[in-house]
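Listing of data19.cif; format and content: mmCIF, C-alpha atoms.
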```cif
data_input
loop_
_atom_site.label_atom_id
_atom_site.label_comp_id
_atom_site.auth_asym_id
_atom_site.auth_seq_id
_atom_site.Cartn_x
_atom_site.Cartn_y
_atom_site.Cartn_z
CA MET A 1 -14.64 -18.86 -3.76
CA ALA A 2 -13.57 -18.98 -7.41
CA ASN A 3 -16.05 -17.24 -9.70
CA PRO A 4 -16.15 -17.22 -13.50
CA VAL A 5 -16.93 -13.51 -13.78
CA ASP A 6 -14.60 -11.46 -16.00
CA GLY A 7 -14.84 -8.25 -13.99
CA PRO A 8 -14.91 -8.75 -10.19
CA ASN A 9 -16.99 -6.21 -8.33
CA HIS A 10 -14.73 -4.25 -6.00
CA PRO A 11 -14.22 -0.56 -5.16
CA TRP A 12 -10.43 -0.22 -5.57
CA GLY A 13 -8.55 1.50 -8.36
CA ARG A 14 -4.97 1.72 -7.07
CA TYR A 15 -3.18 -1.01 -5.11
CA VAL A 16 0.28 -0.70 -3.52
CA ALA A 17 2.04 -3.67 -1.89
CA LEU A 18 4.66 -3.18 0.85
CA GLY A 19 6.96 -5.74 2.42
CA ASP A 20 9.94 -8.03 2.01
CA SER A 21 10.76 -11.08 -0.14
CA PHE A 22 7.33 -12.60 0.52
CA THR A 23 5.56 -9.71 -1.19
CA GLU A 24 8.29 -9.26 -3.80
CA GLY A 25 7.42 -12.78 -4.94
CA ILE A 26 10.63 -14.68 -4.21
CA GLY A 27 10.09 -18.40 -4.79
CA ASP A 28 7.75 -17.76 -7.71
CA PRO A 29 10.14 -17.14 -10.63
CA GLU A 30 8.68 -15.67 -13.81
CA PRO A 31 11.19 -14.27 -16.34
CA GLY A 32 8.49 -12.20 -18.02
CA SER A 33 7.55 -10.34 -14.83
CA PRO A 34 9.27 -7.21 -13.51
CA GLY A 35 12.17 -8.27 -11.32
CA GLY A 36 11.90 -11.86 -12.58
CA HIS A 37 9.35 -12.90 -9.95
CA ARG A 38 5.55 -13.03 -9.91
CA GLY A 39 4.26 -13.84 -6.41
CA TRP A 40 0.96 -13.61 -4.58
CA ALA A 41 0.69 -9.79 -4.83
CA ASP A 42 1.01 -9.83 -8.62
CA ARG A 43 -1.58 -12.61 -8.77
CA VAL A 44 -3.98 -10.60 -6.59
CA ALA A 45 -3.46 -7.51 -8.76
CA GLU A 46 -4.11 -9.55 -11.90
CA GLU A 47 -7.49 -10.64 -10.55
CA LEU A 48 -8.42 -7.17 -9.29
CA SER A 49 -7.63 -5.65 -12.68
CA ARG A 50 -9.96 -7.89 -14.68
CA GLY A 51 -12.71 -5.70 -16.10
CA HIS A 52 -11.18 -2.57 -14.53
CA SER A 53 -9.27 -0.77 -17.29
CA ASP A 54 -8.09 2.01 -14.98
CA PHE A 55 -6.78 -0.28 -12.23
CA ALA A 56 -3.13 0.41 -11.29
CA TYR A 57 -0.67 -1.60 -9.19
CA ALA A 58 2.70 -0.84 -7.59
CA ASN A 59 4.93 -3.17 -5.56
CA LEU A 60 7.58 -1.55 -3.35
CA ALA A 61 8.66 -4.72 -1.50
CA ILE A 62 12.35 -5.65 -1.33
CA ARG A 63 13.76 -8.95 -0.11
CA GLY A 64 15.56 -9.10 3.22
CA ARG A 65 13.95 -5.97 4.67
CA LEU A 66 13.29 -5.73 8.39
CA LEU A 67 10.12 -4.10 9.68
CA GLN A 68 11.77 -0.77 10.51
CA GLN A 69 13.39 -0.68 7.06
CA ILE A 70 10.02 -1.28 5.42
CA VAL A 71 8.52 1.60 7.41
CA ASP A 72 11.47 3.92 6.73
CA GLU A 73 11.87 3.12 3.02
CA GLN A 74 8.40 2.23 1.76
CA LEU A 75 5.77 4.03 3.84
CA GLU A 76 6.22 7.58 2.52
CA PRO A 77 6.59 6.50 -1.14
CA CYS A 78 3.41 4.47 -0.73
CA LEU A 79 1.46 7.41 0.72
CA ALA A 80 2.70 9.62 -2.11
CA LEU A 81 1.11 7.21 -4.61
CA LYS A 82 -2.31 7.77 -2.96
CA PRO A 83 -3.53 4.14 -3.04
CA ASP A 84 -7.00 3.11 -1.98
CA LEU A 85 -5.82 -0.45 -1.27
CA VAL A 86 -2.56 -1.26 0.55
CA SER A 87 -1.10 -4.56 1.73
CA ILE A 88 1.73 -4.76 4.24
CA SER A 89 3.54 -7.87 5.41
CA ALA A 90 6.44 -7.13 7.74
CA GLY A 91 8.22 -8.56 10.76
CA GLY A 92 9.03 -12.05 9.53
CA ASN A 93 12.72 -11.32 9.04
CA ASP A 94 12.85 -9.75 12.50
CA LEU A 95 11.28 -12.78 14.19
CA ILE A 96 13.79 -15.15 12.58
CA ARG A 97 16.67 -13.26 14.17
CA PRO A 98 17.67 -13.74 17.82
CA GLY A 99 16.08 -11.09 19.99
CA GLY A 100 13.14 -10.44 17.66
CA ASP A 101 10.45 -9.16 20.03
CA PRO A 102 6.86 -9.72 18.79
CA ASP A 103 5.48 -7.06 21.15
CA LEU A 104 7.88 -4.32 20.08
CA LEU A 105 7.39 -5.22 16.42
CA ALA A 106 3.62 -4.93 16.72
CA ASP A 107 3.99 -1.50 18.34
CA LYS A 108 6.05 -0.31 15.37
CA LEU A 109 3.56 -1.74 12.90
CA ASP A 110 0.61 -0.17 14.68
CA ASP A 111 1.68 3.36 13.80
CA ALA A 112 2.40 2.40 10.17
CA VAL A 113 -1.02 0.79 9.70
CA GLY A 114 -2.71 3.84 11.20
CA ARG A 115 -0.93 6.14 8.75
CA LEU A 116 -1.65 3.90 5.76
CA GLY A 117 -5.36 3.91 6.48
CA ALA A 118 -5.69 7.52 7.63
CA ASN A 119 -7.04 8.73 4.27
CA GLY A 120 -9.56 5.94 3.89
CA ALA A 121 -7.44 3.31 2.13
CA THR A 122 -8.27 -0.33 2.82
CA VAL A 123 -5.25 -1.92 4.54
CA VAL A 124 -4.56 -5.66 4.31
CA LEU A 125 -2.39 -6.85 7.17
CA PHE A 126 -0.71 -10.27 7.06
CA ASN A 127 -0.14 -12.44 10.09
CA GLY A 128 2.48 -15.19 10.02
CA PRO A 129 1.95 -18.81 8.94
CA ASP A 130 2.06 -21.68 11.39
CA THR A 131 5.73 -22.67 11.19
CA GLY A 132 5.37 -25.78 13.33
CA SER A 133 6.02 -28.21 10.48
CA THR A 134 8.82 -26.17 8.84
CA VAL A 135 12.48 -25.40 9.49
CA LEU A 136 11.22 -22.28 11.29
CA GLY A 137 9.46 -24.34 13.94
CA ARG A 138 11.65 -22.90 16.70
CA ILE A 139 10.02 -19.46 16.31
CA ARG A 140 6.45 -20.77 16.29
CA GLY A 141 5.72 -19.30 19.72
CA LYS A 142 6.96 -15.85 18.73
CA VAL A 143 4.91 -15.96 15.54
CA ALA A 144 1.78 -16.87 17.53
CA ILE A 145 2.30 -13.93 19.91
CA TYR A 146 2.93 -11.57 16.99
CA ASN A 147 -0.23 -12.77 15.29
CA GLU A 148 -2.37 -12.03 18.31
CA ASN A 149 -0.86 -8.56 18.52
CA LEU A 150 -1.60 -8.03 14.81
CA ARG A 151 -5.25 -8.86 15.32
CA THR A 152 -5.39 -6.08 17.91
CA VAL A 153 -3.70 -3.69 15.48
CA ALA A 154 -6.11 -4.67 12.71
CA ALA A 155 -9.16 -4.21 14.93
CA ARG A 156 -7.94 -0.79 16.06
CA HIS A 157 -7.50 0.47 12.49
CA ASP A 158 -10.29 -1.52 10.79
CA ALA A 159 -7.73 -3.39 8.67
CA VAL A 160 -8.36 -6.66 6.83
CA VAL A 161 -6.42 -9.63 8.20
CA ALA A 162 -4.96 -12.00 5.62
CA ASP A 163 -4.89 -15.02 7.91
CA MET A 164 -1.83 -17.08 7.00
CA TRP A 165 -1.91 -18.97 10.31
CA SER A 166 -5.30 -20.50 9.50
CA LEU A 167 -4.29 -21.46 5.96
CA ARG A 168 -3.76 -25.14 6.71
CA GLU A 169 -2.71 -25.87 3.11
CA LEU A 170 0.65 -24.25 3.89
CA ALA A 171 1.60 -27.31 5.97
CA ASP A 172 2.12 -29.16 2.67
CA PRO A 173 5.87 -29.06 1.81
CA ARG A 174 5.00 -28.43 -1.83
CA MET A 175 3.79 -24.98 -0.82
CA TRP A 176 7.39 -24.05 0.01
CA ASP A 177 10.38 -23.24 -2.17
CA GLU A 178 13.53 -25.38 -2.18
CA ASP A 179 15.11 -23.01 0.35
CA ARG A 180 12.28 -23.83 2.83
CA LEU A 181 12.05 -20.13 3.71
CA HIS A 182 9.96 -18.80 0.81
CA PHE A 183 6.82 -20.04 -0.86
CA SER A 184 6.70 -21.96 -4.13
CA PRO A 185 4.50 -20.91 -7.07
CA LEU A 186 1.82 -23.19 -5.61
CA GLY A 187 2.16 -21.46 -2.25
CA HIS A 188 1.92 -17.99 -3.78
CA HIS A 189 -1.14 -19.06 -5.79
CA THR A 190 -2.85 -20.42 -2.67
CA ILE A 191 -2.07 -17.28 -0.66
CA ALA A 192 -3.38 -15.04 -3.45
CA ALA A 193 -6.71 -16.85 -3.39
CA MET A 194 -6.85 -16.45 0.40
CA VAL A 195 -6.23 -12.69 0.12
CA LEU A 196 -8.98 -12.26 -2.45
CA ASP A 197 -11.34 -14.24 -0.24
CA ALA A 198 -10.42 -12.01 2.72
CA LEU A 199 -11.31 -8.99 0.56
CA ASN A 200 -14.57 -10.70 -0.46
CA VAL A 201 -13.62 -10.40 -4.14
CA PRO A 202 -14.81 -13.08 -6.60
CA HIS A 203 -11.88 -14.55 -8.53
CA LYS A 204 -10.76 -17.25 -10.93
CA LEU A 205 -8.04 -18.86 -8.79
CA GLU A 206 -8.99 -22.51 -8.41
CA PRO A 207 -7.33 -24.61 -5.68
CA TYR A 208 -4.50 -26.80 -6.92
CA GLU A 209 -4.64 -30.49 -6.04
CA PRO A 210 -1.08 -31.84 -6.41
CA LYS A 211 -0.45 -35.55 -6.20
CA PRO A 212 0.81 -36.91 -2.85
CA LEU A 213 4.56 -36.95 -2.39
CA PRO A 214 6.21 -40.40 -2.45
CA LEU A 215 7.45 -41.61 0.90
CA ARG A 216 11.16 -41.02 1.51
CA SER A 217 13.48 -43.19 3.54
CA TRP A 218 15.28 -41.76 6.56
CA ARG A 219 18.52 -41.74 4.57
CA GLU A 220 16.94 -39.80 1.69
CA ALA A 221 15.41 -37.28 4.07
CA ARG A 222 18.72 -36.81 5.89
CA SER A 223 20.56 -36.34 2.62
CA GLY A 224 18.04 -33.71 1.56
CA ASP A 225 18.54 -31.86 4.85
CA LEU A 226 22.30 -31.78 4.35
CA VAL A 227 21.95 -30.41 0.82
CA TRP A 228 19.54 -27.74 2.06
CA ALA A 229 21.90 -26.73 4.87
CA ARG A 230 24.84 -26.39 2.47
CA GLU A 231 22.99 -24.48 -0.25
CA TYR A 232 20.67 -22.25 1.80
CA LEU A 233 21.26 -22.26 5.56
CA VAL A 234 25.02 -21.67 5.56
CA PRO A 235 24.87 -18.73 3.10
CA TRP A 236 22.06 -17.18 5.19
CA VAL A 237 24.13 -17.47 8.39
CA ILE A 238 27.19 -15.98 6.66
CA ARG A 239 25.13 -12.98 5.49
CA ARG A 240 23.92 -12.41 9.06
CA ILE A 241 27.50 -12.53 10.40
CA ARG A 242 28.62 -10.04 7.75
CA HIS A 243 25.55 -7.82 8.33
CA GLN A 244 24.55 -8.27 4.71
CA SER A 245 21.07 -8.63 3.22
CA SER A 246 19.80 -10.47 0.18
CA GLY A 247 18.15 -7.18 -0.76
CA ASP A 248 21.35 -5.10 -0.87
CA GLY A 249 21.38 -3.22 -4.17
CA ILE A 250 17.84 -4.32 -5.08
CA SER A 251 15.20 -1.77 -6.13
CA PRO A 252 11.40 -2.18 -6.03
CA LYS A 253 10.17 -4.17 -9.03
CA ARG A 254 7.11 -1.95 -9.62
CA PRO A 255 7.91 1.46 -8.10
CA THR A 256 5.05 3.33 -9.77
CA PRO A 257 1.41 2.30 -10.25
CA GLY A 258 0.64 0.86 -13.66
CA PRO A 259 -1.78 -1.45 -15.45
CA VAL A 260 -1.45 -5.20 -15.07
CA PHE A 261 -3.31 -6.13 -18.26
CA GLY A 262 -3.55 -4.46 -21.65
CA PRO A 263 -6.84 -3.08 -23.00
CA THR A 264 -7.76 -6.38 -24.64
CA GLY A 265 -7.03 -8.46 -21.55
CA ALA A 266 -3.64 -9.67 -22.79
CA MET A 267 -0.67 -9.43 -20.48
CA LEU A 268 1.39 -6.32 -21.10
CA PRO A 269 5.04 -6.81 -22.12
CA GLY A 270 7.02 -7.42 -18.96
CA ASN A 271 4.01 -8.77 -17.05
#
```
Kindly transcribe the structure held in the file into structure tokens.
Amino acid sequence: MANPVDGPNHPWGRYVALGDSFTEGIGDPEPGSPGGHRGWADRVAEELSRGHSDFAYANLAIRGRLLQQIVDEQLEPCLALKPDLVSISAGGNDLIRPGGDPDLLADKLDDAVGRLGANGATVVLFNGPDTGSTVLGRIRGKVAIYNENLRTVAARHDAVVADMWSLRELADPRMWDEDRLHFSPLGHHTIAAMVLDALNVPHKLEPYEPKPLPLRSWREARSGDLVWAREYLVPWVIRRIRHQSSGDGISPKRPTPGPVFGPTGAMLPGN
């Protein structure tokens, strides 16, 4: 749905993003961006701000947060900012953990979505991607149940569903970061385009067409799995045992709404 227009026609002036590492932009490093990461939400805000000099964007997401933590820590600050567009992606970290209940999680999210949209703000609600071809394949059934519950929540509160499950491009391993848990810059770019399409906003994000990956031997694939387990899986398990989070000590990268672009269309310092 890419469109060459400089100023997309949309009604929003203040966007606030809530969530965990996915919305913070982990996997999409950018030293010039606040917090050192760009991510799909920044990319969406960049497109929404084109031709809208008064557009403002805040991102309250923090890596490692569980759904209840997102509600407890981010909901009230978001409401205080009085956005007219809100995105919330939550529950993924809960579903990864043993005992993560997709029905209970959806009940918690239902109240949060209702409060976010109570004053007329458009709420974008993310479902989970199809994890069947990833290291998270074991939770595919829970993700599917959660997604169906989210569609009910969205219908009840007239929220927009950003449909990750139907985004078949995410089955490509190049959409994922080296840790296999977060999305790569290509993945974040692809998701940003999907969100803008869901909002029916013309944009300039063209699909990437990366070259096919070379075939790997069984030995090469096995070696890659062992490296991944040592560098990413084991540290993650240790943090769970110690009740630690990757987000401990981390603050939101964009706690207050601000412009994404300068008055001439150039990126502001730090963006």
Counting all atoms listed in the file, the option among A:Leu181, A:Phe126, A:Arg14, A:Val71 closest to Ile96 (chain A): A:Leu181
Counting all atoms listed in the file, which of A:Pro102, A:Leu116, A:Leu186, A:Asp111 gets nearest to Tyr146 (chain A)?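 Smallest distance to Tyr146 (chain A) is found for A:Pro102.
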Calculate how many Å separate CA of Gln74 (chain A) from CA of Leu18 (chain A), rounding to one decimal.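 Pair CA of Gln74 (chain A) / CA of Leu18 (chain A) returns 6.6 Å.
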I'd like the residues picked by the PyMOL selection byres ((chain A and resi 95) around 10) written out as a VMD selection string, using the chain letters and numbers from the file. chain A and resid 66 to 67 90 to 94 96 to 102 105 136 139 to 140 142 to 143 146
I need the chosen residues saved as a PDB file, keeping the file's coordinate frame, with C-alpha atoms.
```pdb
ATOM      1  CA  LEU A  66      13.290  -5.730   8.390  1.00  0.00           C
ATOM      2  CA  LEU A  67      10.120  -4.100   9.680  1.00  0.00           C
ATOM      3  CA  ALA A  90       6.440  -7.130   7.740  1.00  0.00           C
ATOM      4  CA  GLY A  91       8.220  -8.560  10.760  1.00  0.00           C
ATOM      5  CA  GLY A  92       9.030 -12.050   9.530  1.00  0.00           C
ATOM      6  CA  ASN A  93      12.720 -11.320   9.040  1.00  0.00           C
ATOM      7  CA  ASP A  94      12.850  -9.750  12.500  1.00  0.00           C
ATOM      8  CA  ILE A  96      13.790 -15.150  12.580  1.00  0.00           C
ATOM      9  CA  ARG A  97      16.670 -13.260  14.170  1.00  0.00           C
ATOM     10  CA  PRO A  98      17.670 -13.740  17.820  1.00  0.00           C
ATOM     11  CA  GLY A  99      16.080 -11.090  19.990  1.00  0.00           C
ATOM     12  CA  GLY A 100      13.140 -10.440  17.660  1.00  0.00           C
ATOM     13  CA  ASP A 101      10.450  -9.160  20.030  1.00  0.00           C
ATOM     14  CA  PRO A 102       6.860  -9.720  18.790  1.00  0.00           C
ATOM     15  CA  LEU A 105       7.390  -5.220  16.420  1.00  0.00           C
ATOM     16  CA  LEU A 136      11.220 -22.280  11.290  1.00  0.00           C
ATOM     17  CA  ILE A 139      10.020 -19.460  16.310  1.00  0.00           C
ATOM     18  CA  ARG A 140       6.450 -20.770  16.290  1.00  0.00           C
ATOM     19  CA  LYS A 142       6.960 -15.850  18.730  1.00  0.00           C
ATOM     20  CA  VAL A 143       4.910 -15.960  15.540  1.00  0.00           C
ATOM     21  CA  TYR A 146       2.930 -11.570  16.990  1.00  0.00           C
TER      22      TYR A 146
END
```
List, as an MDAnalysis selection string, every residue that the PyMOL selection byres ((chain A and resi 164-173) around 9) selects in the file provided. chainID A and resid 126:134 144 147 161:163 174:177 180 183 187 190:191 194
Enter the distance from CA of Ala154 (chain A) to CA of Ile26 (chain A), in Å, rounded to one decimal. 25.8 Å
Expand the PyMOL selection byres ((chain A and resi 118) around 12) into the individual residues it matches in the shown file, reporting them as a list in words.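 Applied to this file, the PyMOL selection byres ((chain A and resi 118) around 12) selects Leu79, Lys82, Pro83, Asp84, Leu85, Val86, Asp111, Ala112, Val113, Gly114, Arg115, Leu116, Gly117, Asn119, Gly120, Ala121, Thr122, Val123, His157, Asp158 and Ala159 of chain A.
Among A:Ala155, A:Ala198, A:Cys78, A:Ala192, the residue with the shortest atom-to-atom distance to Thr256 (chain A), counting all atoms listed in the file, is A:Cys78.
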Atom pair CA of Gly249 (chain A) / CA of Gln69 (chain A): separation (Å):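 Separation of CA of Gly249 (chain A) and CA of Gln69 (chain A): 14.0 Å.
You can rank A:Pro11, A:Gly25, A:Gly141, A:Pro255 by their closest distance to Ser49 (chain A) using only C-alpha atoms, and at the top of that list sits A:Pro11.
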